[in-house]
file upload-v4.txt (compact mmCIF, C-alpha atoms)
# COMPACT_ATOMS: atom_id res chain seq x y z
CA MET A 1 66.62 53.78 131.64
CA THR A 2 65.79 50.13 130.92
CA GLU A 3 65.17 48.04 134.03
CA PRO A 4 67.77 45.24 134.40
CA ALA A 5 64.92 42.75 134.94
CA ALA A 6 63.82 43.34 131.33
CA ARG A 7 66.83 41.24 130.25
CA PHE A 8 65.11 38.18 131.74
CA ILE A 9 62.51 38.20 128.95
CA GLY A 10 63.25 37.81 125.25
CA PRO A 11 66.18 36.50 123.20
CA GLY A 12 69.15 35.47 125.32
CA ALA A 13 67.16 35.79 128.55
CA TRP A 14 68.31 32.34 129.68
CA ARG A 15 71.91 33.58 129.98
CA HIS A 16 70.92 36.32 132.40
CA GLY A 17 68.60 33.99 134.28
CA LEU A 18 71.25 31.30 134.64
CA SER A 19 73.96 33.75 135.73
CA TYR A 20 71.83 35.27 138.47
CA GLY A 21 69.83 32.21 139.47
CA LEU A 22 72.56 29.58 139.65
CA LEU A 23 73.55 30.51 143.21
CA GLY A 24 70.05 29.51 144.25
CA LEU A 25 70.99 25.91 143.47
CA PRO A 26 73.65 25.39 146.16
CA LEU A 27 71.82 27.58 148.68
CA ALA A 28 68.75 25.38 148.37
CA PHE A 29 70.96 22.28 148.15
CA VAL A 30 72.27 23.00 151.66
CA ALA A 31 68.81 23.87 152.98
CA LEU A 32 67.58 20.28 152.67
CA PRO A 33 70.34 18.77 154.85
CA LEU A 34 70.01 21.64 157.33
CA TYR A 35 66.23 21.64 157.74
CA VAL A 36 65.01 18.17 156.76
CA ILE A 37 67.78 15.58 156.99
CA LEU A 38 69.57 16.94 160.07
CA PRO A 39 66.79 16.30 162.66
CA ASN A 40 66.26 12.78 161.39
CA HIS A 41 70.04 12.17 161.17
CA TYR A 42 70.66 13.17 164.80
CA ALA A 43 67.62 11.34 166.15
CA ARG A 44 68.22 8.03 164.39
CA ASP A 45 72.01 7.84 163.94
CA PHE A 46 73.17 9.53 167.15
CA GLY A 47 70.19 8.73 169.39
CA ALA A 48 69.43 12.37 170.25
CA PRO A 49 66.14 12.64 172.19
CA LEU A 50 63.41 14.31 170.11
CA ALA A 51 62.39 16.81 172.79
CA LEU A 52 65.95 18.02 173.45
CA LEU A 53 66.76 18.03 169.76
CA GLY A 54 63.71 20.18 169.10
CA VAL A 55 64.82 22.68 171.75
CA VAL A 56 68.33 22.90 170.26
CA LEU A 57 66.97 23.41 166.75
CA LEU A 58 64.58 26.05 168.05
CA MET A 59 67.31 28.01 169.85
CA ALA A 60 69.79 27.85 166.96
CA ARG A 61 67.21 28.94 164.42
CA LEU A 62 65.87 31.71 166.64
CA PHE A 63 69.43 33.03 167.07
CA ASP A 64 69.87 32.99 163.31
CA ALA A 65 66.47 34.58 162.72
CA VAL A 66 67.16 37.46 165.11
CA LEU A 67 70.33 38.29 163.16
CA ASP A 68 68.58 38.46 159.78
CA PRO A 69 67.29 42.06 160.06
CA TRP A 70 70.83 43.16 160.99
CA ILE A 71 72.26 41.18 158.10
CA GLY A 72 69.79 42.96 155.84
CA ARG A 73 71.11 46.33 156.97
CA TRP A 74 74.68 45.22 156.39
CA CYS A 75 73.71 44.19 152.86
CA ASP A 76 72.20 47.61 152.18
CA ARG A 77 75.45 49.23 153.28
CA TRP A 78 77.48 46.87 151.08
CA PHE A 79 75.26 47.73 148.12
CA LEU A 80 75.62 51.43 148.88
CA ARG A 81 79.39 50.97 148.79
CA SER A 82 79.53 48.86 145.60
CA THR A 83 78.34 45.56 144.16
CA PRO A 84 81.88 44.07 144.52
CA SER A 85 81.56 44.67 148.27
CA VAL A 86 78.45 42.49 148.28
CA LEU A 87 80.25 39.76 146.36
CA ARG A 88 83.31 39.82 148.65
CA ALA A 89 81.21 39.48 151.80
CA SER A 90 79.25 36.64 150.21
CA ALA A 91 82.45 34.82 149.25
CA MET A 92 83.64 34.83 152.87
CA ALA A 93 80.24 33.58 154.02
CA ALA A 94 80.43 30.76 151.46
CA VAL A 95 83.62 29.39 152.99
CA VAL A 96 82.09 29.37 156.48
CA LEU A 97 78.93 27.74 155.14
CA ALA A 98 80.77 24.85 153.48
CA PHE A 99 82.83 24.01 156.56
CA GLY A 100 79.80 24.44 158.82
CA LEU A 101 77.75 21.86 156.92
CA TRP A 102 80.59 19.36 157.19
CA GLY A 103 80.87 19.93 160.93
CA LEU A 104 77.14 19.45 161.45
CA LEU A 105 76.79 16.21 159.53
CA PHE A 106 80.09 14.76 160.80
CA PRO A 107 80.58 15.84 164.41
CA PRO A 108 84.04 14.91 165.75
CA LEU A 109 84.35 11.51 167.40
CA LEU A 110 85.46 13.22 170.62
CA VAL A 111 82.15 15.11 170.71
CA ARG A 112 80.06 12.02 169.95
CA ASP A 113 81.82 10.02 172.67
CA ALA A 114 81.29 12.77 175.23
CA GLY A 115 77.55 12.11 175.40
CA THR A 116 74.26 13.69 174.42
CA THR A 117 74.92 17.06 176.09
CA ALA A 118 78.20 17.59 174.27
CA LEU A 119 76.71 16.44 170.96
CA LEU A 120 73.73 18.78 171.17
CA THR A 121 75.92 21.67 172.33
CA TRP A 122 78.18 21.14 169.32
CA ALA A 123 75.15 20.97 167.03
CA GLY A 124 73.65 24.15 168.46
CA VAL A 125 76.83 26.24 168.16
CA VAL A 126 77.78 25.01 164.68
CA MET A 127 74.21 25.42 163.48
CA ALA A 128 74.12 29.03 164.66
CA VAL A 129 77.34 29.87 162.78
CA THR A 130 76.31 27.94 159.67
CA TYR A 131 72.84 29.49 159.55
CA THR A 132 74.36 32.97 159.86
CA ALA A 133 76.67 32.38 156.89
CA TYR A 134 73.74 31.02 154.91
CA SER A 135 71.68 34.10 155.75
CA VAL A 136 74.36 36.51 154.57
CA MET A 137 74.44 34.86 151.15
CA ALA A 138 70.66 34.41 150.88
CA VAL A 139 69.75 38.00 151.85
CA ALA A 140 72.41 39.47 149.56
CA HIS A 141 71.28 37.31 146.64
CA GLN A 142 67.58 38.07 147.15
CA SER A 143 68.26 41.80 147.53
CA TRP A 144 70.26 41.78 144.29
CA GLY A 145 67.29 40.25 142.46
CA ALA A 146 64.83 42.75 143.94
CA ARG A 147 67.08 45.64 142.84
CA LEU A 148 66.74 44.50 139.23
CA GLY A 149 63.23 46.05 139.24
CA GLY A 150 60.72 45.30 136.47
CA ASN A 151 56.96 44.77 136.20
CA GLU A 152 55.09 41.80 137.72
CA THR A 153 55.92 39.44 134.87
CA GLN A 154 59.61 40.44 134.80
CA ARG A 155 59.94 40.17 138.58
CA SER A 156 58.33 36.74 138.55
CA ARG A 157 60.86 35.65 135.90
CA VAL A 158 63.79 36.84 138.00
CA VAL A 159 62.52 34.96 141.05
CA ALA A 160 61.55 31.96 138.92
CA TRP A 161 65.14 31.52 137.73
CA ARG A 162 66.45 31.69 141.28
CA GLU A 163 63.82 29.39 142.76
CA GLY A 164 63.68 27.05 139.79
CA LEU A 165 67.41 26.39 140.03
CA ALA A 166 66.99 26.19 143.79
CA LEU A 167 64.60 23.31 143.28
CA VAL A 168 67.17 21.58 141.09
CA GLY A 169 69.52 21.95 144.05
CA VAL A 170 67.01 20.51 146.48
CA LEU A 171 66.29 17.66 144.08
CA THR A 172 70.00 16.88 143.90
CA ALA A 173 70.31 17.04 147.67
CA ALA A 174 67.31 14.73 148.04
CA VAL A 175 68.98 12.04 145.94
CA LEU A 176 72.67 12.29 146.86
CA PRO A 177 72.59 11.37 150.58
CA GLY A 178 70.77 8.11 149.95
CA THR A 179 72.86 7.15 146.91
CA LEU A 180 76.40 8.47 147.40
CA GLY A 181 76.34 9.26 151.12
CA LEU A 182 76.62 12.42 153.20
CA GLY A 183 80.34 12.89 152.48
CA ALA A 184 79.75 13.13 148.73
CA THR A 185 76.81 15.43 149.44
CA VAL A 186 79.01 17.95 151.27
CA GLY A 187 81.74 17.79 148.61
CA THR A 188 79.25 18.35 145.81
CA PHE A 189 77.72 21.26 147.70
CA ALA A 190 81.09 22.99 148.09
CA MET A 191 81.78 22.76 144.35
CA LEU A 192 78.31 24.01 143.41
CA LEU A 193 78.61 26.90 145.87
CA ALA A 194 81.86 28.07 144.25
CA LEU A 195 80.33 27.77 140.77
CA GLY A 196 77.17 29.62 141.80
CA TRP A 197 79.14 32.51 143.30
CA TRP A 198 81.28 32.77 140.16
CA ALA A 199 78.20 32.93 137.91
CA TRP A 200 76.55 35.50 140.20
CA SER A 201 79.63 37.73 140.01
CA ARG A 202 79.15 37.85 136.22
CA SER A 203 75.39 38.40 136.20
CA ALA A 204 73.47 41.57 135.30
CA PRO A 205 74.21 44.15 138.01
CA PRO A 206 71.38 46.10 139.63
CA LEU A 207 71.08 49.83 139.11
CA PRO A 208 73.39 51.83 141.41
CA SER A 209 72.12 52.41 144.93
CA SER A 210 70.53 55.73 145.61
CA SER A 211 72.88 57.83 147.73
CA SER A 212 70.31 60.59 148.11
CA ALA A 213 68.18 58.76 150.68
CA PRO A 214 68.15 60.53 154.05
CA ALA A 215 69.91 58.79 156.91
CA ALA A 216 66.61 58.44 158.77
CA ARG A 217 65.15 56.46 155.88
CA LEU A 218 68.17 54.16 155.66
CA GLY A 219 67.82 53.40 159.37
CA ALA A 220 64.04 53.10 159.44
CA SER A 221 62.43 49.75 160.14
CA PRO A 222 60.34 48.12 157.39
CA LEU A 223 57.98 47.11 160.20
CA ARG A 224 56.77 50.71 160.18
CA GLN A 225 55.13 50.09 156.80
CA PRO A 226 51.57 48.70 157.17
CA ALA A 227 51.57 47.27 153.64
CA PHE A 228 54.72 45.28 154.42
CA LEU A 229 53.27 44.04 157.72
CA ARG A 230 50.17 42.77 155.92
CA LEU A 231 52.21 40.85 153.35
CA LEU A 232 54.55 39.56 156.05
CA ALA A 233 51.64 38.24 158.11
CA VAL A 234 50.42 36.18 155.16
CA PHE A 235 53.94 34.94 154.52
CA VAL A 236 54.41 33.85 158.15
CA ILE A 237 51.16 31.89 158.37
CA ASN A 238 51.70 30.23 155.01
CA GLY A 239 55.35 29.50 155.78
CA THR A 240 54.48 27.79 159.05
CA ALA A 241 51.99 25.62 157.16
CA SER A 242 54.80 24.53 154.83
CA ALA A 243 57.47 24.14 157.51
CA VAL A 244 55.55 21.61 159.63
CA PRO A 245 55.32 18.88 156.96
CA ALA A 246 58.88 19.62 155.81
CA THR A 247 60.08 18.80 159.32
CA LEU A 248 57.92 15.68 159.68
CA VAL A 249 57.92 14.16 156.19
CA LEU A 250 60.57 11.49 156.84
CA PHE A 251 58.85 10.40 160.04
CA PHE A 252 55.52 10.12 158.16
CA VAL A 253 57.09 8.08 155.35
CA GLN A 254 58.99 5.75 157.65
CA ASP A 255 56.37 5.15 160.32
CA ARG A 256 52.90 5.95 158.94
CA LEU A 257 53.47 4.59 155.43
CA GLN A 258 56.17 2.15 156.56
CA ALA A 259 57.72 2.59 153.13
CA PRO A 260 61.09 1.00 152.32
CA SER A 261 64.02 3.35 152.82
CA THR A 262 64.93 2.84 149.16
CA VAL A 263 61.89 4.84 148.01
CA GLU A 264 62.48 7.85 150.26
CA PRO A 265 64.59 9.63 147.61
CA ALA A 266 61.78 9.06 145.10
CA PHE A 267 59.27 10.88 147.32
CA LEU A 268 61.53 13.90 147.78
CA ALA A 269 62.64 13.89 144.16
CA THR A 270 59.03 13.80 142.90
CA TYR A 271 58.05 16.66 145.20
CA PHE A 272 60.84 19.01 144.18
CA LEU A 273 60.90 18.00 140.52
CA CYS A 274 57.20 18.78 140.15
CA ALA A 275 57.70 22.08 141.96
CA ALA A 276 60.46 23.02 139.51
CA LEU A 277 58.44 21.95 136.48
CA SER A 278 55.41 23.90 137.69
CA ILE A 279 57.19 27.26 137.92
CA PRO A 280 56.93 28.16 134.20
CA LEU A 281 53.21 27.31 134.39
CA TRP A 282 52.65 29.57 137.41
CA VAL A 283 54.60 32.40 135.73
CA ARG A 284 52.14 32.19 132.83
CA VAL A 285 49.20 32.23 135.23
CA VAL A 286 50.62 35.40 136.83
CA ALA A 287 50.18 37.24 133.53
CA TRP A 288 46.48 36.30 133.70
CA LEU A 289 45.56 36.46 137.41
CA GLY A 290 48.35 38.53 138.94
CA LEU A 291 50.81 37.51 141.65
CA ALA A 292 48.50 37.51 144.69
CA ARG A 293 45.59 35.61 143.14
CA THR A 294 47.90 33.02 141.63
CA TRP A 295 49.39 32.44 145.09
CA LEU A 296 45.87 31.96 146.44
CA VAL A 297 45.20 29.24 143.85
CA GLY A 298 48.38 27.45 144.97
CA MET A 299 47.24 27.52 148.59
CA GLY A 300 43.91 25.94 147.67
CA LEU A 301 45.63 23.15 145.78
CA SER A 302 47.88 22.43 148.76
CA VAL A 303 44.92 22.10 151.14
CA ALA A 304 43.14 19.64 148.86
CA VAL A 305 46.24 17.49 148.52
CA PHE A 306 47.01 17.27 152.25
CA VAL A 307 43.41 16.40 153.12
CA TRP A 308 43.82 13.41 150.82
CA ALA A 309 47.21 12.56 152.37
CA ALA A 310 45.51 12.21 155.77
CA THR A 311 43.63 9.16 154.46
CA LEU A 312 46.79 7.23 153.53
CA GLY A 313 48.24 4.40 155.58
CA THR A 314 50.67 1.49 155.54
CA GLY A 315 51.91 0.57 152.06
CA ASP A 316 50.33 3.53 150.21
CA VAL A 317 53.51 4.26 148.31
CA VAL A 318 52.01 5.09 144.90
CA PRO A 319 49.24 7.37 146.27
CA PHE A 320 51.86 9.23 148.32
CA LEU A 321 53.97 9.71 145.20
CA ILE A 322 50.93 11.43 143.68
CA VAL A 323 50.58 13.51 146.86
CA CYS A 324 54.22 14.53 146.51
CA ALA A 325 53.70 15.47 142.86
CA LEU A 326 50.61 17.63 143.47
CA SER A 327 51.94 19.28 146.62
CA GLY A 328 55.14 20.00 144.69
CA VAL A 329 53.08 21.82 142.06
CA ALA A 330 51.49 23.89 144.84
CA LEU A 331 54.94 24.59 146.28
CA GLY A 332 55.86 26.35 143.03
CA THR A 333 53.67 29.30 144.04
CA ASP A 334 55.15 29.53 147.55
CA LEU A 335 58.67 29.68 146.20
CA THR A 336 58.16 32.10 143.31
CA LEU A 337 55.38 34.54 144.07
CA PRO A 338 55.85 35.95 147.61
CA SER A 339 59.34 37.32 146.88
CA ALA A 340 58.10 38.86 143.63
CA LEU A 341 55.26 40.50 145.57
CA LEU A 342 57.75 41.89 148.07
CA ALA A 343 60.05 43.24 145.33
CA GLY A 344 57.11 45.08 143.80
CA LEU A 345 56.00 46.43 147.17
CA ILE A 346 59.46 47.87 147.85
CA GLY A 347 59.21 49.79 144.58
CA GLN A 348 55.69 51.01 145.37
CA LEU A 349 56.92 52.29 148.72
CA GLY A 350 59.60 54.33 146.95
CA GLU A 351 62.51 52.45 148.53
CA ARG A 352 63.96 50.55 145.61
CA GLY A 353 67.75 50.75 145.44
CA GLN A 354 67.89 51.80 149.09
CA ARG A 355 66.68 49.19 151.56
CA GLU A 356 65.99 45.86 149.86
CA GLY A 357 68.34 44.22 152.34
CA ALA A 358 66.34 45.51 155.30
CA TYR A 359 63.11 44.14 153.87
CA PHE A 360 64.55 40.77 152.92
CA GLY A 361 66.27 40.58 156.31
CA TRP A 362 62.88 40.68 158.00
CA TRP A 363 61.50 38.38 155.29
CA ASN A 364 64.14 35.76 156.08
CA PHE A 365 63.58 36.32 159.79
CA ALA A 366 59.99 35.22 159.21
CA THR A 367 61.16 32.19 157.22
CA LYS A 368 63.54 31.10 159.99
CA LEU A 369 60.87 31.71 162.62
CA ASN A 370 58.53 29.39 160.74
CA LEU A 371 61.16 26.65 160.61
CA ALA A 372 62.11 27.18 164.23
CA LEU A 373 58.52 26.90 165.40
CA ALA A 374 57.97 23.81 163.26
CA ALA A 375 60.94 21.98 164.77
CA GLY A 376 60.80 23.49 168.24
CA LEU A 377 57.10 22.91 168.75
CA ALA A 378 56.08 20.00 166.51
CA LEU A 379 58.77 17.59 167.68
CA PRO A 380 58.26 18.09 171.44
CA LEU A 381 54.46 17.98 170.99
CA LEU A 382 54.74 14.69 169.10
CA ALA A 383 56.82 13.31 171.95
CA LEU A 384 54.30 14.64 174.50
CA PHE A 385 51.42 12.87 172.77
CA GLY A 386 53.24 9.55 172.63
CA TYR A 387 54.97 9.48 169.26
CA THR A 388 58.59 8.34 169.02
CA PRO A 389 60.53 7.43 165.86
CA GLY A 390 59.72 3.85 164.94
CA ALA A 391 56.31 3.87 166.67
CA ARG A 392 53.61 1.50 165.42
CA ASP A 393 50.93 2.26 168.01
CA PRO A 394 47.72 3.44 166.25
CA ALA A 395 47.25 6.41 168.58
CA ALA A 396 50.83 7.58 168.06
CA LEU A 397 50.51 7.23 164.29
CA GLN A 398 47.24 9.16 164.35
CA THR A 399 49.00 11.96 166.19
CA LEU A 400 51.68 11.98 163.50
CA THR A 401 49.04 12.11 160.74
CA VAL A 402 47.24 15.04 162.33
CA ALA A 403 50.49 16.95 162.74
CA TYR A 404 51.77 16.19 159.23
CA CYS A 405 48.53 16.51 157.22
CA LEU A 406 45.72 18.35 158.98
CA LEU A 407 47.54 21.05 160.93
CA PRO A 408 49.10 22.43 157.71
CA CYS A 409 45.63 22.49 156.10
CA VAL A 410 44.25 24.67 158.89
CA LEU A 411 47.21 27.03 158.62
CA LYS A 412 46.94 27.19 154.80
CA LEU A 413 43.27 28.14 155.05
CA LEU A 414 44.17 30.88 157.51
CA ALA A 415 46.90 32.08 155.15
CA GLY A 416 44.50 32.14 152.20
CA GLY A 417 41.95 34.15 154.15
CA ALA A 418 44.65 36.58 155.25
CA LEU A 419 45.96 36.93 151.69
CA TYR A 420 42.54 37.90 150.42
CA ALA A 421 41.66 40.19 153.32
CA LEU A 422 45.04 41.90 153.81
CA VAL A 423 46.54 42.01 150.31
CA ILE A 424 44.03 41.40 147.51
CA ARG A 425 41.14 43.52 148.82
CA PRO A 426 43.32 46.53 149.78
CA GLU A 427 44.88 46.46 146.29
CA LYS A 428 41.41 46.84 144.76
CA HIS A 429 40.40 49.83 146.86
CA GLN A 430 43.48 51.99 147.30
CA PRO A 431 47.12 52.30 146.22
CA VAL A 432 50.00 51.56 148.55
CA VAL A 433 51.08 54.72 150.36
CA PRO A 434 54.42 54.85 152.13
CA SER A 435 54.24 55.57 155.84
CA PRO A 436 56.26 58.46 157.23
CA VAL A 437 59.88 57.54 157.87
CA SER A 438 60.53 56.58 161.44
CA SER A 439 63.69 55.06 162.85
CA ASN A 440 63.89 52.17 165.28
call {"tool": "encode", "arguments": {"input": "upload-v4.txt", "output": "structure tokens"}}
result
Amino acid sequence: MTEPAARFIGPGAWRHGLSYGLLGLPLAFVALPLYVILPNHYARDFGAPLALLGVVLLMARLFDAVLDPWIGRWCDRWFLRSTPSVLRASAMAAVVLAFGLWGLLFPPLLVRDAGTTALLTWAGVVMAVTYTAYSVMAVAHQSWGARLGGNETQRSRVVAWREGLALVGVLTAAVLPGTLGLGATVGTFAMLLALGWWAWSRSAPPLPSSSSAPAARLGASPLRQPAFLRLLAVFVINGTASAVPATLVLFFVQDRLQAPSTVEPAFLATYFLCAALSIPLWVRVVAWLGLARTWLVGMGLSVAVFVWAATLGTGDVVPFLIVCALSGVALGTDLTLPSALLAGLIGQLGERGQREGAYFGWWNFATKLNLALAAGLALPLLALFGYTPGARDPAALQTLTVAYCLLPCVLKLLAGGALYALVIRPEKHQPVVPSPVSSN
């Protein structure tokens, strides 16, 4: 039987890629306001203290992250029932997600007037609900793509469509708030979310779920698989390296570079546009080097770029645009290759069509943990070492530079070493062997 992923290569492949990948656009569109704009919005517009804001973001994201493995199991059960069950659950999550984003960016006047405690409580609760709805859609969509199967090149194409369109969504979200305002941003997101779900419902369906899997296997934890733990460890270290600058980029632009607010959209747009444009290039490199080694090349490029960024200072707008362009190219590997590696690993472990949701639940748990640690640790530490938004003190700005530029470099180097030691070298010496099934 022909793998559904084979439709993503050859004549008419763009139709299949667009139908499946379009939902990635609004899901990534909402990620920028949730993870990048929101901390800055609450700190500057509502006067929320950085330390307390970091704690609230940490708790909300940890709550969301803990739910992800359970959400993954729910997705597997929905797939076992039927693909329409997956689509129905995702449609309900989409409604909650759209209203949740509105509530976060526009807290009621009553809440704002009640003081900082009420505002941060509102933010924490609404964030937890919104993140959960986002996770349901993201895990279901990722699991669907993994169930399409295929070889390394085909899997990278499937993920490339999803993540390439996701970058278009991020690019749109980077421009809209500064040009049309947050209200137009939320309205546009809601329309794109409906369109993305509609296209997804008409995309190539995965092969039917295997109903022959024993109950013990369906309930087993992916954490029992050493090969998955090795790949997950690399993903966590690398993800933390990416999450720290994502959290701090607006502070670096506004205070270290002291760039005009009018150029902020240009920085973000350059970063995500170059990431999107680089994806076809990286997919071609995969055919030559393979998924893991191509990812390693992307990590090396990222380190070189951020070392250069550490030398920038006031007024270095053009050099930082170049930094954004090159780091965006490196981002293309982070977005496209790890998920394709995971999809292939699930097949090698003999669990395709059975437990993709469980694996991607833990995968998203790691992603949320990275973001939670970045916000929950970086922001309070910056405050502890004397940095506050709007600071011009050289020591405070140096602290910001170290956190934004050099800390990610250290983490990227660790991730690269782990990728080689835990994934590339084992692949050369022995095949992946599934561990015995063991339930939680």
call {"tool": "atom_distance", "arguments": {"input": "upload-v4.txt", "atom1": "CA of Leu87 in chain A", "atom2": "CA of Val129 in chain A"}}
result
19.4 Å
call {"tool": "residues_around", "arguments": {"input": "upload-v4.txt", "residues": "range 163-180 of chain A", "least_positions_apart": "4", "cutoff": "8 Å", "atoms": "all atoms listed in the file", "output": "mmCIF file with C-alpha atoms, in the coordinates of the input"}}
result
data_model
loop_
_atom_site.group_PDB
_atom_site.id
_atom_site.type_symbol
_atom_site.label_atom_id
_atom_site.label_comp_id
_atom_site.auth_asym_id
_atom_site.auth_seq_id
_atom_site.Cartn_x
_atom_site.Cartn_y
_atom_site.Cartn_z
ATOM 1 C CA GLY A 21 69.830 32.210 139.470
ATOM 2 C CA LEU A 22 72.560 29.580 139.650
ATOM 3 C CA LEU A 23 73.550 30.510 143.210
ATOM 4 C CA GLY A 24 70.050 29.510 144.250
ATOM 5 C CA LEU A 25 70.990 25.910 143.470
ATOM 6 C CA PRO A 26 73.650 25.390 146.160
ATOM 7 C CA LEU A 27 71.820 27.580 148.680
ATOM 8 C CA ALA A 28 68.750 25.380 148.370
ATOM 9 C CA PHE A 29 70.960 22.280 148.150
ATOM 10 C CA VAL A 30 72.270 23.000 151.660
ATOM 11 C CA ALA A 31 68.810 23.870 152.980
ATOM 12 C CA LEU A 32 67.580 20.280 152.670
ATOM 13 C CA PRO A 33 70.340 18.770 154.850
ATOM 14 C CA VAL A 159 62.520 34.960 141.050
ATOM 15 C CA ALA A 184 79.750 13.130 148.730
ATOM 16 C CA THR A 185 76.810 15.430 149.440
ATOM 17 C CA THR A 262 64.930 2.840 149.160
ATOM 18 C CA PRO A 265 64.590 9.630 147.610
ATOM 19 C CA ALA A 266 61.780 9.060 145.100
ATOM 20 C CA LEU A 268 61.530 13.900 147.780
ATOM 21 C CA ALA A 269 62.640 13.890 144.160
ATOM 22 C CA PHE A 272 60.840 19.010 144.180
ATOM 23 C CA LEU A 273 60.900 18.000 140.520
ATOM 24 C CA ALA A 275 57.700 22.080 141.960
ATOM 25 C CA ALA A 276 60.460 23.020 139.510
ATOM 26 C CA ILE A 279 57.190 27.260 137.920
ATOM 27 C CA LEU A 335 58.670 29.680 146.200
ATOM 28 C CA THR A 336 58.160 32.100 143.310
#
call {"tool": "atom_distance", "arguments": {"input": "upload-v4.txt", "atom1": "CA of Trp295 in chain A", "atom2": "CA of Pro280 in chain A"}}
result
13.9 Å
call {"tool": "closest_residue", "arguments": {"input": "upload-v4.txt", "among": "A:Gly181, A:Pro222, A:Pro49, A:Gly17", "to": "Val158 in chain A", "atoms": "all atoms listed in the file"}}
result
A:Gly17
call {"tool": "closest_residue", "arguments": {"input": "upload-v4.txt", "among": "A:Val55, A:Leu207, A:Leu250, A:Ala13", "to": "Asn40 in chain A", "atoms": "all atoms listed in the file"}}
result
A:Leu250
call {"tool": "closest_atom_pairs", "arguments": {"input": "upload-v4.txt", "of": "range 28-134 of chain A", "to": "range 344-368 of chain A", "cutoff": "9 Å", "atoms": "all atoms listed in the file", "output": "JSON lines"}}
result
{"residue": "A:Arg61", "atom": "CA", "partner": "A:Lys368", "partner_atom": "CA", "distance": 6.1}
{"residue": "A:Leu62", "atom": "CA", "partner": "A:Lys368", "partner_atom": "CA", "distance": 7.1}
{"residue": "A:Asp64", "atom": "CA", "partner": "A:Lys368", "partner_atom": "CA", "distance": 7.4}
{"residue": "A:Ala65", "atom": "CA", "partner": "A:Phe365", "partner_atom": "CA", "distance": 4.5}
{"residue": "A:Val66", "atom": "CA", "partner": "A:Phe365", "partner_atom": "CA", "distance": 6.5}
{"residue": "A:Leu67", "atom": "CA", "partner": "A:Phe365", "partner_atom": "CA", "distance": 7.8}
{"residue": "A:Asp68", "atom": "CA", "partner": "A:Gly361", "partner_atom": "CA", "distance": 4.7}
{"residue": "A:Pro69", "atom": "CA", "partner": "A:Gly361", "partner_atom": "CA", "distance": 4.2}
{"residue": "A:Trp70", "atom": "CA", "partner": "A:Gly361", "partner_atom": "CA", "distance": 7.0}
{"residue": "A:Ile71", "atom": "CA", "partner": "A:Gly361", "partner_atom": "CA", "distance": 6.3}
{"residue": "A:Gly72", "atom": "CA", "partner": "A:Gly357", "partner_atom": "CA", "distance": 4.0}
{"residue": "A:Arg73", "atom": "CA", "partner": "A:Ala358", "partner_atom": "CA", "distance": 5.1}
{"residue": "A:Trp74", "atom": "CA", "partner": "A:Gly357", "partner_atom": "CA", "distance": 7.6}
{"residue": "A:Cys75", "atom": "CA", "partner": "A:Gly357", "partner_atom": "CA", "distance": 5.4}
{"residue": "A:Asp76", "atom": "CA", "partner": "A:Gly357", "partner_atom": "CA", "distance": 5.1}
{"residue": "A:Arg77", "atom": "CA", "partner": "A:Gly357", "partner_atom": "CA", "distance": 8.7}
{"residue": "A:Phe79", "atom": "CA", "partner": "A:Gln354", "partner_atom": "CA", "distance": 8.5}
{"residue": "A:Leu80", "atom": "CA", "partner": "A:Gln354", "partner_atom": "CA", "distance": 7.7}
call {"tool": "closest_residue", "arguments": {"input": "upload-v4.txt", "among": "A:Ala94, A:Leu231, A:Ala309, A:Leu422", "to": "Val402 in chain A", "atoms": "all atoms listed in the file"}}
result
A:Ala309
call {"tool": "closest_residue", "arguments": {"input": "upload-v4.txt", "among": "A:Ser156, A:Ser327, A:Thr311, A:Thr333", "to": "Gln398 in chain A", "atoms": "all atoms listed in the file"}}
result
A:Thr311
call {"tool": "closest_residue", "arguments": {"input": "upload-v4.txt", "among": "A:Trp288, A:Tyr42, A:Trp144, A:Trp161", "to": "Ala123 in chain A", "atoms": "only C-alpha atoms"}}
result
A:Tyr42
call {"tool": "closest_residue", "arguments": {"input": "upload-v4.txt", "among": "A:Tyr271, A:Trp102, A:Phe252, A:Phe46", "to": "Leu400 in chain A", "atoms": "only C-alpha atoms"}}
result
A:Phe252
call {"tool": "atom_distance", "arguments": {"input": "upload-v4.txt", "atom1": "CA of Trp122 in chain A", "atom2": "CA of Tyr404 in chain A"}}
result
28.7 Å
call {"tool": "residues_near_point", "arguments": {"input": "upload-v4.txt", "point": "(74.3, 18.2, 164.3)", "cutoff": "12 Å", "atoms": "all atoms listed in the file", "output": "PyMOL selection string"}}
result
chain A and resi 33-48+53-54+56-57+60+100-108+111-112+116-128+130
call {"tool": "axis_aligned_box", "arguments": {"input": "upload-v4.txt", "around": "range 260-266 of chain A", "padding_each_side": "8 Å", "output": "AutoDock Vina command-line options"}}
result
--center_x 63.0 --center_y 5.3 --center_z 149.0 --size_x 19.8 --size_y 24.6 --size_z 23.7
